[in-house]
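For reference, query-v3.csv is printed below; it contains CSV, C-alpha atoms and all ligand atoms.
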```
chain,number,residue,atom,x,y,z
A,1,MET,CA,0.0,0.0,0.0
A,2,ALA,CA,1.5,3.3,-1.1
A,3,GLN,CA,0.0,5.2,1.7
A,4,ARG,CA,-3.1,5.4,3.9
A,5,LEU,CA,-4.9,7.8,1.7
A,6,ALA,CA,-8.2,6.8,0.1
A,7,VAL,CA,-10.4,8.7,-2.4
A,8,ILE,CA,-14.1,7.6,-2.0
A,9,SER,CA,-16.8,8.5,-4.4
A,10,GLY,CA,-20.4,8.3,-3.2
A,11,ALA,CA,-19.1,9.3,0.2
A,12,SER,CA,-22.2,11.3,1.1
A,13,SER,CA,-24.3,8.2,1.8
A,14,GLY,CA,-24.5,4.4,2.1
A,15,ILE,CA,-21.6,2.2,1.4
A,16,GLY,CA,-19.3,5.1,0.5
A,17,ALA,CA,-20.0,7.0,3.7
A,18,ALA,CA,-19.7,3.9,5.9
A,19,THR,CA,-16.3,3.1,4.2
A,20,ALA,CA,-15.1,6.6,4.9
A,21,ARG,CA,-16.0,6.3,8.6
A,22,ALA,CA,-14.3,2.9,8.8
A,23,LEU,CA,-11.1,4.0,7.2
A,24,GLY,CA,-11.2,7.3,9.1
A,25,SER,CA,-11.5,5.4,12.4
A,26,ALA,CA,-8.5,3.3,11.3
A,27,GLY,CA,-6.4,6.4,10.9
A,28,TRP,CA,-6.6,6.8,7.2
A,29,ARG,CA,-6.9,10.2,5.4
A,30,VAL,CA,-10.1,10.0,3.3
A,31,VAL,CA,-11.0,12.3,0.4
A,32,LEU,CA,-14.8,12.4,0.2
A,33,VAL,CA,-16.4,12.9,-3.2
A,34,ALA,CA,-20.1,13.4,-3.9
A,35,ARG,CA,-22.4,16.2,-4.9
A,36,ARG,CA,-24.1,17.0,-1.6
A,37,GLU,CA,-21.7,19.3,0.1
A,38,ASP,CA,-23.6,19.5,3.4
A,39,ARG,CA,-23.4,15.8,3.8
A,40,LEU,CA,-19.7,15.7,3.1
A,41,ARG,CA,-19.0,18.5,5.6
A,42,GLU,CA,-21.0,16.7,8.3
A,43,LEU,CA,-19.1,13.5,7.7
A,44,THR,CA,-15.8,15.4,7.7
A,45,ALA,CA,-16.6,16.8,11.1
A,46,ASP,CA,-17.6,13.3,12.4
A,47,ILE,CA,-14.4,11.7,11.3
A,48,ALA,CA,-12.4,14.6,12.8
A,49,ALA,CA,-14.2,14.1,16.1
A,50,VAL,CA,-13.1,10.5,16.3
A,51,GLY,CA,-9.6,11.8,16.2
A,52,ALA,CA,-7.9,9.0,14.4
A,53,GLY,CA,-7.9,9.9,10.7
A,54,GLU,CA,-8.7,13.0,8.7
A,55,ALA,CA,-11.3,13.7,6.0
A,56,VAL,CA,-11.3,16.2,3.2
A,57,ALA,CA,-14.5,17.1,1.4
A,58,GLU,CA,-14.4,17.4,-2.3
A,59,PRO,CA,-18.0,18.2,-3.4
A,60,LEU,CA,-18.4,17.6,-7.1
A,61,ASP,CA,-20.2,15.6,-9.7
A,62,ALA,CA,-17.9,12.6,-10.3
A,63,ALA,CA,-19.3,12.2,-13.9
A,64,ASP,CA,-17.7,15.6,-14.7
A,65,ALA,CA,-14.3,14.6,-16.0
A,66,ASP,CA,-12.8,18.1,-15.7
A,67,ALA,CA,-14.0,18.4,-12.1
A,68,VAL,CA,-12.5,15.0,-11.2
A,69,ALA,CA,-9.2,15.9,-12.9
A,70,ALA,CA,-9.0,19.2,-11.0
A,71,MET,CA,-9.7,17.4,-7.7
A,72,ALA,CA,-7.1,14.7,-8.5
A,73,ARG,CA,-4.5,17.5,-9.1
A,74,ARG,CA,-5.4,19.2,-5.8
A,75,VAL,CA,-5.3,15.9,-3.8
A,76,THR,CA,-2.0,14.7,-5.4
A,77,ALA,CA,-0.3,18.0,-4.9
A,78,VAL,CA,-1.2,18.3,-1.2
A,79,TYR,CA,-1.3,14.6,0.0
A,80,GLY,CA,0.4,12.5,-2.7
A,81,THR,CA,-0.9,9.4,-4.5
A,82,PRO,CA,-3.8,7.5,-2.9
A,83,GLY,CA,-3.3,3.9,-1.9
A,84,ALA,CA,-7.0,3.2,-2.6
A,85,ILE,CA,-9.8,4.5,-4.8
A,86,ILE,CA,-13.3,3.4,-3.8
A,87,ASN,CA,-15.8,3.8,-6.6
A,88,SER,CA,-19.1,3.8,-4.7
A,89,ALA,CA,-20.9,6.6,-6.5
A,90,GLY,CA,-24.0,5.1,-8.1
A,91,ALA,CA,-27.6,5.7,-8.8
A,92,GLY,CA,-30.4,4.3,-10.9
A,93,VAL,CA,-34.0,3.4,-10.8
A,94,TRP,CA,-35.1,-0.1,-12.0
A,95,ARG,CA,-37.5,0.1,-14.8
A,96,TRP,CA,-38.4,-1.4,-18.2
A,97,PRO,CA,-36.6,0.2,-21.1
A,98,GLU,CA,-39.7,1.8,-22.5
A,99,ASP,CA,-40.2,3.5,-19.2
A,100,THR,CA,-36.6,4.7,-18.9
A,101,PRO,CA,-36.1,7.9,-20.9
A,102,PRO,CA,-32.6,8.2,-22.6
A,103,ALA,CA,-31.6,11.0,-20.2
A,104,GLN,CA,-32.3,8.8,-17.2
A,105,MET,CA,-30.3,6.0,-18.8
A,106,GLU,CA,-27.4,8.5,-19.2
A,107,ARG,CA,-27.6,9.4,-15.5
A,108,MET,CA,-27.1,5.8,-14.6
A,109,LEU,CA,-24.1,5.6,-16.9
A,110,ASP,CA,-22.8,8.7,-15.2
A,111,ALA,CA,-22.6,6.9,-11.9
A,112,PRO,CA,-21.2,4.3,-11.4
A,113,TYR,CA,-19.6,3.9,-14.8
A,114,ARG,CA,-18.4,7.4,-15.9
A,115,ALA,CA,-17.5,8.4,-12.3
A,116,ALA,CA,-15.4,5.3,-11.8
A,117,TYR,CA,-13.7,5.7,-15.2
A,118,HIS,CA,-12.8,9.4,-14.5
A,119,LEU,CA,-11.4,8.6,-11.0
A,120,THR,CA,-9.4,5.7,-12.4
A,121,HIS,CA,-8.1,7.8,-15.2
A,122,ALA,CA,-7.1,10.7,-13.0
A,123,PHE,CA,-5.3,8.7,-10.3
A,124,LEU,CA,-3.9,5.7,-12.2
A,125,PRO,CA,-0.7,7.4,-13.4
A,126,GLY,CA,0.4,8.1,-9.8
A,127,MET,CA,-0.5,4.6,-8.7
A,128,LEU,CA,1.4,3.0,-11.6
A,129,ALA,CA,4.4,5.2,-10.7
A,130,ALA,CA,4.2,4.0,-7.1
A,131,ARG,CA,3.6,0.4,-8.3
A,132,SER,CA,0.9,0.0,-5.7
A,133,GLY,CA,-2.7,0.8,-5.0
A,134,VAL,CA,-6.2,-0.7,-5.1
A,135,LEU,CA,-9.2,0.3,-7.2
A,136,VAL,CA,-12.4,-1.0,-5.6
A,137,HIS,CA,-15.5,-0.9,-7.7
A,138,ILE,CA,-18.8,-1.3,-5.9
A,139,GLY,CA,-21.0,-3.2,-8.4
A,140,SER,CA,-24.2,-5.1,-8.5
A,141,PRO,CA,-25.2,-8.8,-8.9
A,142,ALA,CA,-27.1,-7.5,-12.0
A,143,SER,CA,-23.6,-7.5,-13.7
A,144,LEU,CA,-23.5,-11.2,-13.3
A,145,LEU,CA,-27.1,-12.2,-13.7
A,146,PRO,CA,-29.7,-9.7,-14.9
A,147,TRP,CA,-33.3,-9.9,-13.7
A,148,PRO,CA,-36.3,-8.4,-15.6
A,149,SER,CA,-37.3,-4.7,-15.4
A,150,ALA,CA,-33.9,-3.1,-14.5
A,151,THR,CA,-32.6,-2.6,-18.0
A,152,ALA,CA,-30.6,0.7,-17.9
A,153,TYR,CA,-29.4,-0.1,-14.3
A,154,THR,CA,-28.1,-3.4,-15.5
A,155,VAL,CA,-26.4,-1.9,-18.5
A,156,SER,CA,-24.6,0.6,-16.3
A,157,ARG,CA,-23.4,-2.1,-13.9
A,158,TRP,CA,-22.1,-4.2,-16.8
A,159,ALA,CA,-20.2,-1.1,-17.9
A,160,LEU,CA,-18.6,-0.9,-14.5
A,161,ARG,CA,-17.8,-4.6,-14.6
A,162,GLY,CA,-16.3,-4.1,-18.1
A,163,LEU,CA,-14.1,-1.4,-16.7
A,164,HIS,CA,-12.9,-3.7,-13.9
A,165,GLU,CA,-12.4,-6.7,-16.3
A,166,ALA,CA,-10.4,-4.5,-18.7
A,167,LEU,CA,-8.3,-3.1,-15.8
A,168,ARG,CA,-7.5,-6.6,-14.6
A,169,GLN,CA,-5.8,-7.2,-17.9
A,170,ASP,CA,-4.2,-3.7,-18.1
A,171,LEU,CA,-2.8,-3.8,-14.6
A,172,GLN,CA,-1.1,-7.2,-14.7
A,173,GLY,CA,2.4,-7.0,-13.2
A,174,THR,CA,2.0,-3.3,-12.3
A,175,GLY,CA,1.4,-3.7,-8.5
A,176,VAL,CA,-2.0,-2.0,-8.9
A,177,HIS,CA,-5.1,-4.1,-8.3
A,178,SER,CA,-8.7,-3.8,-9.4
A,179,SER,CA,-11.5,-5.4,-7.3
A,180,HIS,CA,-15.1,-5.8,-8.2
A,181,VAL,CA,-17.2,-6.0,-5.0
A,182,LEU,CA,-20.8,-7.2,-5.3
A,183,PHE,CA,-23.2,-7.0,-2.4
A,184,GLY,CA,-26.7,-8.3,-2.1
A,185,GLU,CA,-29.2,-5.8,-0.7
A,186,VAL,CA,-27.6,-3.1,1.5
A,187,THR,CA,-29.8,-1.1,3.9
A,188,SER,CA,-28.6,2.3,2.6
A,189,GLU,CA,-30.7,5.1,1.3
A,190,TYR,CA,-30.4,3.7,-2.2
A,191,PHE,CA,-34.0,2.5,-2.5
A,192,ASP,CA,-35.3,5.9,-1.1
A,193,THR,CA,-33.2,7.8,-3.6
A,194,ASN,CA,-34.4,5.6,-6.4
A,195,PRO,CA,-38.0,5.2,-5.5
A,196,GLY,CA,-40.0,2.2,-6.8
A,197,SER,CA,-37.0,0.1,-7.5
A,198,HIS,CA,-37.3,-2.1,-4.4
A,199,ALA,CA,-40.5,-3.6,-5.8
A,200,TYR,CA,-38.6,-5.0,-8.7
A,201,ILE,CA,-36.2,-7.2,-6.7
A,202,PRO,CA,-36.8,-10.8,-7.9
A,203,ALA,CA,-38.1,-13.1,-5.2
A,204,VAL,CA,-35.1,-15.4,-5.5
A,205,ALA,CA,-32.9,-12.6,-4.3
A,206,LYS,CA,-34.8,-12.5,-1.0
A,207,VAL,CA,-32.8,-15.6,0.1
A,208,ILE,CA,-29.8,-13.3,0.4
A,209,PRO,CA,-29.6,-11.7,3.8
A,210,ARG,CA,-29.4,-7.9,3.8
A,211,SER,CA,-26.2,-6.2,4.9
A,212,THR,CA,-25.9,-2.8,6.7
A,213,PRO,CA,-23.6,-0.1,5.2
A,214,ALA,CA,-21.2,-0.7,8.1
A,215,GLU,CA,-21.0,-4.4,7.2
A,216,ALA,CA,-20.4,-3.6,3.6
A,217,ALA,CA,-17.7,-1.1,4.6
A,218,GLU,CA,-15.9,-3.9,6.5
A,219,VAL,CA,-15.8,-5.9,3.3
A,220,VAL,CA,-14.4,-2.9,1.4
A,221,VAL,CA,-11.7,-2.3,4.0
A,222,ARG,CA,-10.7,-6.0,3.9
A,223,THR,CA,-10.6,-5.8,0.1
A,224,ILE,CA,-8.3,-2.8,0.3
A,225,HIS,CA,-5.9,-4.8,2.5
A,226,ALA,CA,-6.2,-8.1,0.5
A,227,PRO,CA,-7.5,-7.3,-2.9
A,228,ARG,CA,-9.2,-10.1,-4.9
A,229,PRO,CA,-10.7,-9.6,-8.4
A,230,LEU,CA,-14.2,-10.6,-7.4
A,231,VAL,CA,-15.6,-10.2,-3.9
A,232,LEU,CA,-19.2,-11.4,-3.1
A,233,HIS,CA,-21.0,-10.6,0.1
A,234,PRO,CA,-22.8,-12.1,2.0
A,235,ARG,CA,-22.0,-15.8,1.7
A,236,ALA,CA,-25.3,-16.6,0.0
A,237,MET,CA,-24.2,-14.4,-2.9
A,238,ALA,CA,-21.2,-16.6,-3.4
A,239,GLY,CA,-23.5,-19.6,-3.3
A,240,LEU,CA,-25.7,-18.1,-6.0
A,241,HIS,CA,-22.6,-17.3,-8.1
A,242,VAL,CA,-21.5,-21.0,-7.9
A,243,ALA,CA,-25.0,-22.1,-9.0
A,244,TYR,CA,-24.9,-19.6,-11.9
A,245,ARG,CA,-21.6,-20.9,-13.1
A,246,LEU,CA,-22.8,-24.5,-12.9
A,247,ALA,CA,-26.2,-23.9,-14.5
A,248,PRO,CA,-26.4,-20.4,-16.1
A,249,GLU,CA,-29.6,-21.1,-18.1
A,250,ALA,CA,-31.5,-22.5,-15.2
A,251,CYS,CA,-30.5,-19.5,-13.0
A,252,ARG,CA,-31.5,-17.1,-15.8
A,253,ARG,CA,-34.9,-18.8,-16.0
A,254,LEU,CA,-35.3,-18.6,-12.1
A,255,ALA,CA,-34.4,-14.9,-12.1
A,256,ALA,CA,-37.0,-14.3,-14.8
A,257,ALA,CA,-39.7,-16.5,-13.2
A,258,THR,CA,-39.3,-14.9,-9.8
A,259,GLY,CA,-38.9,-11.3,-11.2
A,260,HIS,CA,-41.3,-8.6,-12.0
A,261,ARG,CA,-43.9,-9.1,-14.7
A,262,ARG,CA,-45.4,-6.4,-17.0
B,301,LIG,N1,-28.0,-0.5,-1.6
B,301,LIG,C1,-27.9,-1.7,-2.1
B,301,LIG,O1,-28.8,-2.6,-1.9
B,301,LIG,C2,-26.8,-2.0,-3.1
B,301,LIG,C3,-26.5,-3.4,-3.4
B,301,LIG,C4,-25.5,-3.7,-4.3
B,301,LIG,C5,-24.9,-2.7,-4.9
B,301,LIG,N2,-25.2,-1.4,-4.7
B,301,LIG,C6,-24.5,-0.4,-5.4
B,301,LIG,O2,-23.6,0.3,-4.6
B,301,LIG,C7,-23.5,1.7,-5.0
B,301,LIG,C8,-23.7,2.6,-3.8
B,301,LIG,O3,-25.0,2.4,-3.3
B,301,LIG,P1,-25.4,2.8,-1.9
B,301,LIG,O4,-26.3,1.7,-1.4
B,301,LIG,O5,-24.3,3.3,-1.1
B,301,LIG,O6,-26.4,4.0,-2.3
B,301,LIG,P2,-26.7,5.5,-1.7
B,301,LIG,O7,-26.8,5.4,-0.2
B,301,LIG,O8,-27.9,6.0,-2.5
B,301,LIG,O9,-25.4,6.3,-2.1
B,301,LIG,C9,-25.1,6.6,-3.5
B,301,LIG,C10,-24.0,7.6,-3.4
B,301,LIG,O10,-23.6,7.9,-4.8
B,301,LIG,C11,-23.4,9.3,-4.9
B,301,LIG,N3,-23.5,9.8,-6.3
B,301,LIG,C12,-24.5,9.4,-7.2
B,301,LIG,N4,-24.3,10.0,-8.3
B,301,LIG,C13,-23.1,10.7,-8.2
B,301,LIG,C14,-22.4,11.6,-9.1
B,301,LIG,N5,-22.7,11.8,-10.3
B,301,LIG,N6,-21.2,12.1,-8.6
B,301,LIG,C15,-20.8,11.9,-7.3
B,301,LIG,N7,-21.5,11.1,-6.4
B,301,LIG,C16,-22.6,10.6,-6.9
B,301,LIG,C17,-24.5,9.9,-4.0
B,301,LIG,O11,-24.1,11.2,-3.5
B,301,LIG,P3,-24.7,12.6,-4.0
B,301,LIG,O12,-26.1,12.4,-4.3
B,301,LIG,O13,-24.4,13.5,-2.8
B,301,LIG,O14,-23.9,13.0,-5.2
B,301,LIG,C18,-24.3,9.0,-2.8
B,301,LIG,O15,-23.3,9.3,-1.9
B,301,LIG,C19,-24.5,1.9,-6.2
B,301,LIG,O16,-23.9,1.8,-7.4
B,301,LIG,C20,-25.4,0.7,-6.0
B,301,LIG,O17,-26.0,0.3,-7.2
B,301,LIG,C21,-26.1,-1.0,-3.8
```
Would you put the structure from the file into structure tokens?
Ligand SMILES: NC(=O)c1ccc[n+]([C@@H]2O[C@H](COP(=O)([O-])OP(=O)(O)OC[C@H]3O[C@@H](n4cnc5c(N)ncnc54)[C@H](OP(=O)(O)O)[C@@H]3O)[C@@H](O)[C@H]2O)c1
Amino acid sequence: MAQRLAVISGASSGIGAATARALGSAGWRVVLVARREDRLRELTADIAAVGAGEAVAEPLDAADADAVAAMARRVTAVYGTPGAIINSAGAGVWRWPEDTPPAQMERMLDAPYRAAYHLTHAFLPGMLAARSGVLVHIGSPASLLPWPSATAYTVSRWALRGLHEALRQDLQGTGVHSSHVLFGEVTSEYFDTNPGSHAYIPAVAKVIPRSTPAEAAEVVVRTIHAPRPLVLHPRAMAGLHVAYRLAPEACRRLAAATGHRR
């Protein structure tokens, strides 16, 4: 690990905010990226109050490549090259394609995919020069096995998976790692921010226990310390993944049969 400096997108809520708290408590310096400045300022103060690490608020739209590049220049100039980038910015309502206007589809590509690409692009040169670092992408099980009625959401998570898979090849032998971390349902604000989506979860997914953002953050922290290409949490997710690899067509039919109907 180059140094205990992490840049976290999606830090104003959910998995990103919980990861910032966990790393901050462990003495890391964390750079918090999201659009809601008030949330980032509150979290910065909370982390400072714990007294172990330090937090820096960088309020911006991570889908804005110029804003991300400027942030990366500021961070690198003041603190150096991060040891970890956590791509947790993400949004997207689950809908049929005919109910998802193109502008809404674009917003789902903005975060996670474009946000993750821009952060990776901006910080990778320093990490390659340091020959160390971890890129953690918070993805979705939809990038392994889609279910009905979440089309643009699924496309955006496949884009994130594509970024990770390409990076795995690009980063061989560089000392820099890419990890794709997939959670089952996490009790964040996600389903409030993206109303109506929860009703579209296929019944088969209900066998997967929910995780809290704090539990998800523990998984992210473990991944930073011991990066693996694919991390599935909780254990039932790993079980479903094995089932999918053994019998992909049967699993596809099960996701369809237990999913939402028009
Ligand atoms: N919750 C779940 O059940 C679950 C399960 C598996 C995977 N995931 C994935 O994990 C990721 C994080 O989800 P979460 O549960 O932590 O959701 P969340 O609580 O709604 O947090 C989403 C975060 O993304 C940020 N964000 C969205 N668009 C952004 C942009 N353009 N620029 C910068 N920040 C942006 C939001 O901040 P601002 O609005 O302040 O910008 C917020 O901090 C998502 O991609 C989600 O699909 C979630």
Just want the 8 Å neighbourhood of Ala63 in chain A, counted on all atoms listed in the file, with same-chain residues fewer than 2 positions away dropped. Output as a PDB file with C-alpha atoms, in the coordinates of the input.
```
ATOM      1  CA  ASP A  61     -20.200  15.600  -9.700  1.00  0.00           C
ATOM      2  CA  ALA A  65     -14.300  14.600 -16.000  1.00  0.00           C
ATOM      3  CA  VAL A  68     -12.500  15.000 -11.200  1.00  0.00           C
ATOM      4  CA  ASP A 110     -22.800   8.700 -15.200  1.00  0.00           C
ATOM      5  CA  ALA A 111     -22.600   6.900 -11.900  1.00  0.00           C
ATOM      6  CA  ARG A 114     -18.400   7.400 -15.900  1.00  0.00           C
ATOM      7  CA  ALA A 115     -17.500   8.400 -12.300  1.00  0.00           C
ATOM      8  CA  HIS A 118     -12.800   9.400 -14.500  1.00  0.00           C
TER       9      HIS A 118
END
```
Ranking A:Ala91, A:Leu167, A:Cys251, A:Ala26 by minimum distance to ligand LIG 301 (chain B) and counting only C-alpha atoms and all ligand atoms, which one comes first?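 Nearest to ligand LIG 301 (chain B): A:Ala91.
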Around ligand LIG 301 (chain B), at most 8 Å away and counting all atoms listed in the file, which residues are there? Put them as an MDAnalysis selection string, please. chainID A and resid 9:17 33:37 39:40 59:64 88:92 107 110:112 115 138:141 153 157 182:194 210 213
For CA of Gly162 in chain A and CA of Ala257 in chain A, determine how far apart the two atoms are, in Å to one decimal place.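 CA of Gly162 in chain A sits 26.9 Å away from CA of Ala257 in chain A.
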Of the residues A:Thr258, A:Ser25, A:Gln172, A:Thr76, which is the one nearest to Ala48 in chain A, using only C-alpha atoms? A:Ser25
